[in-house]
Structures are given as C-alpha cells and as structure tokens.
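Chemist: Before anything else, here's the structure in question.
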Amino acid sequence: MNVFKISASNLEVFLDCPLRYKFKYHDRIPEVEMFQKTNYRAVGTAVHETIRRFIEMGKVEDNPIKIINNILAEEFTKAGLPLPVYEDWTKIMQEWLIRVRLPTKVLGTEKEIDVTLPNGVPVLMYLDLVEELDENTIKVRDWKTGAPYSETDMNNNMQAPMYILGISQLYPGKKIQFYFDFIKDCELMYVYDNDRMKNAVRFIKATYDSIIAMDAEKVEARINKNCGYCGFHDKCPEVLKARRGEFKVNYHTSGDLDTLIKDQLNVSHIEKLIIGEKDRLKQLVLEKMSVNGDTEKVTKEYSAKVTQSRYTHYNVRTVMRAFPDNPEEVLEVKKTAVDKYLPKLPEHIRAEIEDSAENTFSAESLRITAKKSKG
C-alpha cells in the first residue's frame with residue numbers, strides 16, 4: 001500500500017482500525033456522518049476558523065468578545081449549525097478569551113507543512129498556531145473542541161511528538177513547546193525528554209512501515225473506542241456481525257489482571273458500538289415518523305411514541321455562588337439538573353439563578369412497545 005505523506009490523524013486511524021484506514025485513505029471512500037445531535041467535525045472546523053480570523057486581526061482593543069462572537073456567528077452560519085449550538089459556543093469563547101494568553105509574535109496560523117522527520121518518514125502537519133516566545137523558544141498550540149485528555153491519553157499521544165520532531169526541522173536549534181488548548185476547559189503542555197522522543201521516533205517509523213507493507217486485500221477490522229464515530233458501519237464486517245446478533249464475546253474468567261482488564265475494555269468497545277447502532281436506528285425511526293408529523297405510530301406488532309423534554313442551561317458561575325459550601329455537588333449536577341434545587345434556595349438566590357438562564361432546548365425521546373400476543 002503506497003503512502004507518500006502521513007499525518008497524525010492517519011496514524012491514529014490506522015492504530016484504531018486498519019480497515020477504516022483502508023476505506024478512508026487508500027480507497028478514498030467518503031465517510032458517512034453518523035447520527036449525532038451535533039456535527040462535531042463541523043463545530044471543530046468553525047471554531048478553528050473563528051480563532052484563526054480573530055488572531056490574524058492582531059491586538060483588539062475594543063470589545064474583543066463582541067468581535068469574536070460576530071466571527072463565530074458567520075462561521076457557524078456557513079457550516080449550517082443550529083442556533084443552540086452557537087449560543088453554547090458564544091459562552092465558551094467568552095470564557096476562553098478571559099483565560100487564554102493571546103500571542104504577541106505570530107509565526108503562522110492554520111499552516112499546512114510538509115516535512116521529513118529524522119527517521120525518514122514524510123509527514124503532513126496542520127499547525128493551528130505557531131508563535132515565538134523569545135529568540136530561543138517556539139510555542140505551538142493545537143486547538144481542541146472536545147474534553148481534555150487524560151494522563152494516559154497524553155502519554156499515548158502521537159500528534160505532539162510528531163509535530164515537535166517536524167517543527168524542530170523548521171526551526172533548528174530552537175526549544176519547542178507544544179500545548180493542547182482545550183477551548184472548553186484548559187491548556188495542557190506536552191512534557192517530553194530525549195527518551196520519550198526516541199521512543200516516538202521508533203514507534204512512528206514502525207507504524208509507517210506497517211502501513212506501507214499492508215496488503216489492502218487482507219485488511220481486518222479492529223473494534224476500538226472510536227467505533228461509534230466511524231462512518232463505515234455499513235461496510236464493516238464486525239458491525240454487520242453485531243447487527244445480526246453474531247458477535248461473540250470471549251473472556252477469560254481465570255486470567256491474570258492484565259488479561260481481564262483487556263477483556264473488559266474490548267467488551268466496553270463493543271457495548272459502545274452497539275449503543276451507537278441503537279442510536280442510529282432510533283434516529284431513522286424518528287425521521288420516518290417526522291415525515292408525516294407523527295408523534296405516535298402503531299404498527300401490526302409495535303407502538304412507537306415520541307415525547308419532548310425541555311431543559312434549561314444556567315450560568316455555571318452563578319450556580320456555583322449559590323453552593324459555596326458544596327462545589328462538588330454543583331459540578332455533579334452541572335447545568336441541566338439545577339431546577340430540582342431551586343425550591344430549596346432563598347428567593348433572592350433563586351431569582352438570580354433563574355435570570356442567568358442561557359438557553360432552553362428540547363430533547364426527543366422515543367419509546368417503543370411490543371404488542372402482547374393474543375394467543
């Protein structure tokens with residue numbers, strides 16, 4: 001299998017599932033968007049483009065929050081994303097602007113770079129932000145719109161060492177700092193030393209060689225934690241087996257702890273896969289019912305009923321002020337379960353929280369009941 005340049009996402013897809021890699025990068029089959037309430041890829045693209053445009057404006061003295069929200073509105077409209085998602089992200093970007101240290105000397109934003117690593121592997125990098133901290137130090141930031149990585153995720157991450165190795169070729173002799181900026185939460189620095197980078201060089205080279213040597217006709221699927229996000233379910237033999245009820249779970253009750261943990265993870269991946277299929281079928285049923293505006297449908301064997309639930313998001317900081325002695329409880333209930341606490345609060349605090357309502361949204365739920373046999 002010929003590969004000319006490889007990116008961090010190529011590596012991650014291959015390590016997750018060689019068959020998905022084949023479909024996506026060798027056969028170049030477009031991935032089907034999975035049935036999700038939010039198109040996370042579109043959100044990520046819109047947020048990246050918003051930050052790029054904002055940073056390229058230079059230092060903004062007058063109302064930066066208004067400016068970045070206007071850009072965000074343009075990008076979300078262009079992506080066709082719904083209003084509630086935009087409203088959520090205006091709050092997120094406002095908090096991000098308060099937290100983040102904006103660059104003073106920008107070397108590049110959203111740069112696409114071709115470079116060959118010291119191990120001979122040709123890579124394609126997409127650098128979100130490159131800045132010069134001082135004459136000896138380059139800082140690279142990669143924007144992430146999801147949840148922060150765990151310690152294990154950071155240790156197993158291949159994007160950071162690949163980018164550090166590549167950027168070192170562009171800026172020889174400079175110290176490279178690499179950060180993941182999780183827009184919703186925090187900035188995490190990737191800590192590395194010579195041993196970690198040597199291991200990364202060997203691992204990237206070995207993975208690249210495995211891709212080159214892979215026989216496209218004998219590639220197998222591999223169940224993994226990202227199966228739910230894969231857009232090739234209709235072509236995957238493992239998914240098709242799960243749909244037919246032929247998927248067998250084998251585990252070793254007398255195995256050692258490492259084996260049991262591995263078995264447990266495999267079962268968790270399969271569980272997520274089946275739940276993803278369940279959600280996909282639910283969405284198909286809802287779409288079929290919505291064609292005629294049905295909220296309840298009765299067939300020969302089943303009855304299906306659609307109900308609407310309404311939720312209100314409150315400002316987190318306002319809620320936290322109401323629970324100064326129990327912040328853990330606030331973090332546990334987050335934004336959508338605050339209503340049950342409101343009657344217990346003093347009237348002036350309750351009014352302040354109610355006034356902080358950010359948006360109200362509806363969620364559809366589907367209940368399917370099998371009819372009892374008359375026999």
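By convention in this document, the chains of the structure tokens carry letters A, B, ... by their order, each chain's residues are numbered from 1, and ligands are numbered from 1 in the order they are shown.
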Considering only C-alpha atoms, give me a table of residues in region 56-145 of chain A that are at most 12 Å from region 207-210 of chain A, with the closest atom pair and distance in Å for each, as a tab-separated table.

Modeler:
```
residue	atom	partner	partner_atom	distance
A:Leu117	CA	A:Tyr208	CA	11.7
A:Asn119	CA	A:Tyr208	CA	10.5
A:Gly120	CA	A:Tyr208	CA	10.1
A:Val121	CA	A:Tyr208	CA	7.3
A:Pro122	CA	A:Tyr208	CA	9.4
A:Val123	CA	A:Tyr208	CA	10.1
```

Chemist: Please extract the residues of region 88-333 of chain A with a backbone DSSP assignment of helix (DSSP H, G or I) and present them as a count of residues only.

Modeler: 114

Chemist: List every residue of region 135-306 of chain A that DSSP, applied to the backbone of this structure, assigns to strand (DSSP E or B), and report them as a ChimeraX atom specification.

Modeler: /A:137-144,175-182,186-189,296-298,302-306

Chemist: Looking at only C-alpha atoms, which of A:Glu301, A:Glu354, A:Pro172, A:His48 is the one that sits closest to Leu342 (chain A)?

Modeler: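 Nearest candidate to Leu342 (chain A) out of A:Glu301, A:Glu354, A:Pro172, A:His48: A:Glu354.
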
Chemist: Write out as number ranges by chain the residues lying within 7 Å of region 221-235 of chain A, counting only C-alpha atoms and excluding same-chain residues fewer than 2 positions away.

Modeler: A: 16-19, 31-34, 219, 237-239, 269-270, 272-273, 276

Chemist: Go ahead and write the residues just picked, C-alpha atoms, as a CSV table (one decimal), in the first residue's frame.

Modeler:
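Here's the written file out.csv:
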```csv
chain,number,residue,atom,x,y,z
A,16,ASP,CA,-7.5,2.2,15.9
A,17,CYS,CA,-8.6,0.2,12.9
A,18,PRO,CA,-6.6,-0.8,9.7
A,19,LEU,CA,-9.9,-1.3,7.8
A,31,GLU,CA,-17.3,8.7,5.4
A,32,VAL,CA,-21.0,8.9,6.3
A,33,GLU,CA,-21.8,11.4,9.0
A,34,MET,CA,-23.0,9.4,12.0
A,219,VAL,CA,-7.0,-5.8,6.0
A,237,PRO,CA,-17.8,-6.9,8.9
A,238,GLU,CA,-17.7,-6.5,12.7
A,239,VAL,CA,-20.6,-4.1,12.8
A,269,HIS,CA,-15.8,-1.0,22.9
A,270,ILE,CA,-18.4,-3.5,21.7
A,272,LYS,CA,-20.4,1.5,22.7
A,273,LEU,CA,-20.6,0.1,19.1
A,276,GLY,CA,-24.2,3.7,18.5
```

Chemist: List the neighbours of Ile98 (chain A) out to 12 Å using only C-alpha atoms; skip same-chain residues closer than 5 positions along the sequence, and give me the result as a ChimeraX atom specification.

Modeler: /A:64-65,91-93,183-186

Chemist: Closest to Tyr40 (chain A) among A:Lys241, A:Ile176, A:Tyr86, A:Gly146, using only C-alpha atoms?

Modeler: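 Checking each candidate against Tyr40 (chain A), we get A:Gly146 as the closest.
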
Chemist: Excluding same-chain residues fewer than 5 positions from Pro103 (chain A), what lies within 12 Å of it counting only C-alpha atoms, as number ranges by chain?

Modeler: A: 51-52, 54-60, 108-109, 129-134, 138-141

Chemist: Restricted to C-alpha atoms, what would the selected residues look like written as a compact mmCIF listing (two decimals), in the first residue's frame?

Modeler:
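Generated output (out.txt):
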```txt
# COMPACT_ATOMS: atom_id res chain seq x y z
CA ILE A 51 -9.82 31.65 16.19
CA ARG A 52 -7.63 31.95 13.08
CA PHE A 54 -9.53 36.59 15.30
CA ILE A 55 -5.78 36.11 15.87
CA GLU A 56 -4.90 37.37 12.40
CA MET A 57 -6.70 40.64 13.23
CA GLY A 58 -3.87 41.42 15.66
CA LYS A 59 -4.39 43.09 19.02
CA VAL A 60 -8.04 44.03 19.52
CA GLY A 108 1.71 31.26 11.46
CA THR A 109 -1.92 30.21 11.88
CA LEU A 129 -0.83 28.45 15.93
CA VAL A 130 2.95 28.92 15.90
CA GLU A 131 4.41 31.80 17.89
CA GLU A 132 7.82 32.99 19.03
CA LEU A 133 8.10 33.44 22.79
CA ASP A 134 11.69 34.67 22.64
CA ILE A 138 8.91 28.44 19.72
CA LYS A 139 5.46 27.69 21.12
CA VAL A 140 2.92 25.62 19.18
CA ARG A 141 -0.73 25.43 20.16
```

Chemist: Which is closer to Leu124 (chain A) than all the others in A:Arg196, A:Lys5, A:Arg202, A:Lys66, using only C-alpha atoms?

Modeler: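 Going through A:Arg196, A:Lys5, A:Arg202, A:Lys66 one by one, the smallest distance to Leu124 (chain A) is for A:Lys5.
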
Chemist: Write out as number ranges by chain each polymer residue whose atoms come within 8 Å of region 147-161 of chain A, counting only C-alpha atoms; drop sequence neighbours fewer than 5 positions from it.

Modeler: A: 8-9, 11-12, 178, 182, 184-186, 190, 197, 200, 204

Chemist: Output N, CA and C atoms of each residue in that selection to a file, as an mmCIF file, in the first residue's frame.

Modeler:
```
data_model
loop_
_atom_site.group_PDB
_atom_site.id
_atom_site.type_symbol
_atom_site.label_atom_id
_atom_site.label_comp_id
_atom_site.auth_asym_id
_atom_site.auth_seq_id
_atom_site.Cartn_x
_atom_site.Cartn_y
_atom_site.Cartn_z
ATOM 1 N N ALA A 8 -0.826 13.007 11.642
ATOM 2 C CA ALA A 8 -1.144 12.440 12.957
ATOM 3 C C ALA A 8 -2.485 11.722 12.922
ATOM 4 N N SER A 9 -3.459 12.285 12.213
ATOM 5 C CA SER A 9 -4.773 11.639 12.145
ATOM 6 C C SER A 9 -4.697 10.326 11.372
ATOM 7 N N LEU A 11 -2.152 8.249 11.361
ATOM 8 C CA LEU A 11 -1.593 7.283 12.310
ATOM 9 C C LEU A 11 -2.649 6.806 13.298
ATOM 10 N N GLU A 12 -3.418 7.760 13.852
ATOM 11 C CA GLU A 12 -4.411 7.413 14.862
ATOM 12 C C GLU A 12 -5.483 6.493 14.279
ATOM 13 N N PHE A 178 5.046 22.529 23.117
ATOM 14 C CA PHE A 178 3.809 22.112 22.444
ATOM 15 C C PHE A 178 2.678 22.040 23.463
ATOM 16 N N PHE A 182 -7.554 23.027 25.111
ATOM 17 C CA PHE A 182 -8.927 22.535 25.083
ATOM 18 C C PHE A 182 -9.836 23.731 25.351
ATOM 19 N N LYS A 184 -12.830 24.482 25.759
ATOM 20 C CA LYS A 184 -13.859 24.478 26.794
ATOM 21 C C LYS A 184 -13.296 24.467 28.211
ATOM 22 N N ASP A 185 -11.991 24.197 28.350
ATOM 23 C CA ASP A 185 -11.513 23.885 29.696
ATOM 24 C C ASP A 185 -10.155 24.487 30.045
ATOM 25 N N CYS A 186 -9.096 24.019 29.429
ATOM 26 C CA CYS A 186 -7.762 24.383 29.890
ATOM 27 C C CYS A 186 -6.727 24.149 28.799
ATOM 28 N N TYR A 190 2.563 19.421 26.620
ATOM 29 C CA TYR A 190 3.117 18.091 26.398
ATOM 30 C C TYR A 190 4.560 18.092 26.895
ATOM 31 N N MET A 197 11.189 11.067 23.116
ATOM 32 C CA MET A 197 11.230 11.400 21.690
ATOM 33 C C MET A 197 11.858 10.265 20.886
ATOM 34 N N ALA A 200 9.246 7.719 20.447
ATOM 35 C CA ALA A 200 8.255 8.182 19.478
ATOM 36 C C ALA A 200 8.776 8.023 18.060
ATOM 37 N N ILE A 204 6.705 5.781 15.416
ATOM 38 C CA ILE A 204 6.164 6.381 14.188
ATOM 39 C C ILE A 204 6.723 5.665 12.962
#
```

Chemist: A:Ile29, A:Ile211, A:Ile275, A:Ala46: which is nearest Arg243 (chain A), counting only C-alpha atoms?

Modeler: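 When distances to Arg243 (chain A) are compared using only C-alpha atoms, the smallest one comes from A:Ile275.
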
Chemist: Using only C-alpha atoms, find the one residue out of A:Trp96, A:Tyr192, A:Trp89, A:Tyr126 that sits nearest to Ile167 (chain A).

Modeler: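 Going through A:Trp96, A:Tyr192, A:Trp89, A:Tyr126 one by one, the smallest distance to Ile167 (chain A) is for A:Tyr126.
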
Chemist: Find the distance between CA of Gly173 (chain A) and CA of Glu135 (chain A) and write it in Å to one decimal.

Modeler: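 So the two atoms, CA of Gly173 (chain A) and CA of Glu135 (chain A), lie 10.5 Å apart.
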
Chemist: For Asp215 (chain A), which of A:Asn194, A:Lys22, A:Asp88, A:Ile274 is the closest residue, counting only C-alpha atoms?

Modeler: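 Closest to Asp215 (chain A), using only C-alpha atoms: A:Lys22.
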
Chemist: So how far away is CA of Glu187 (chain A) from CA of Thr145 (chain A), in Å?

Modeler: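 So the two atoms, CA of Thr145 (chain A) and CA of Glu187 (chain A), lie 11.7 Å apart.
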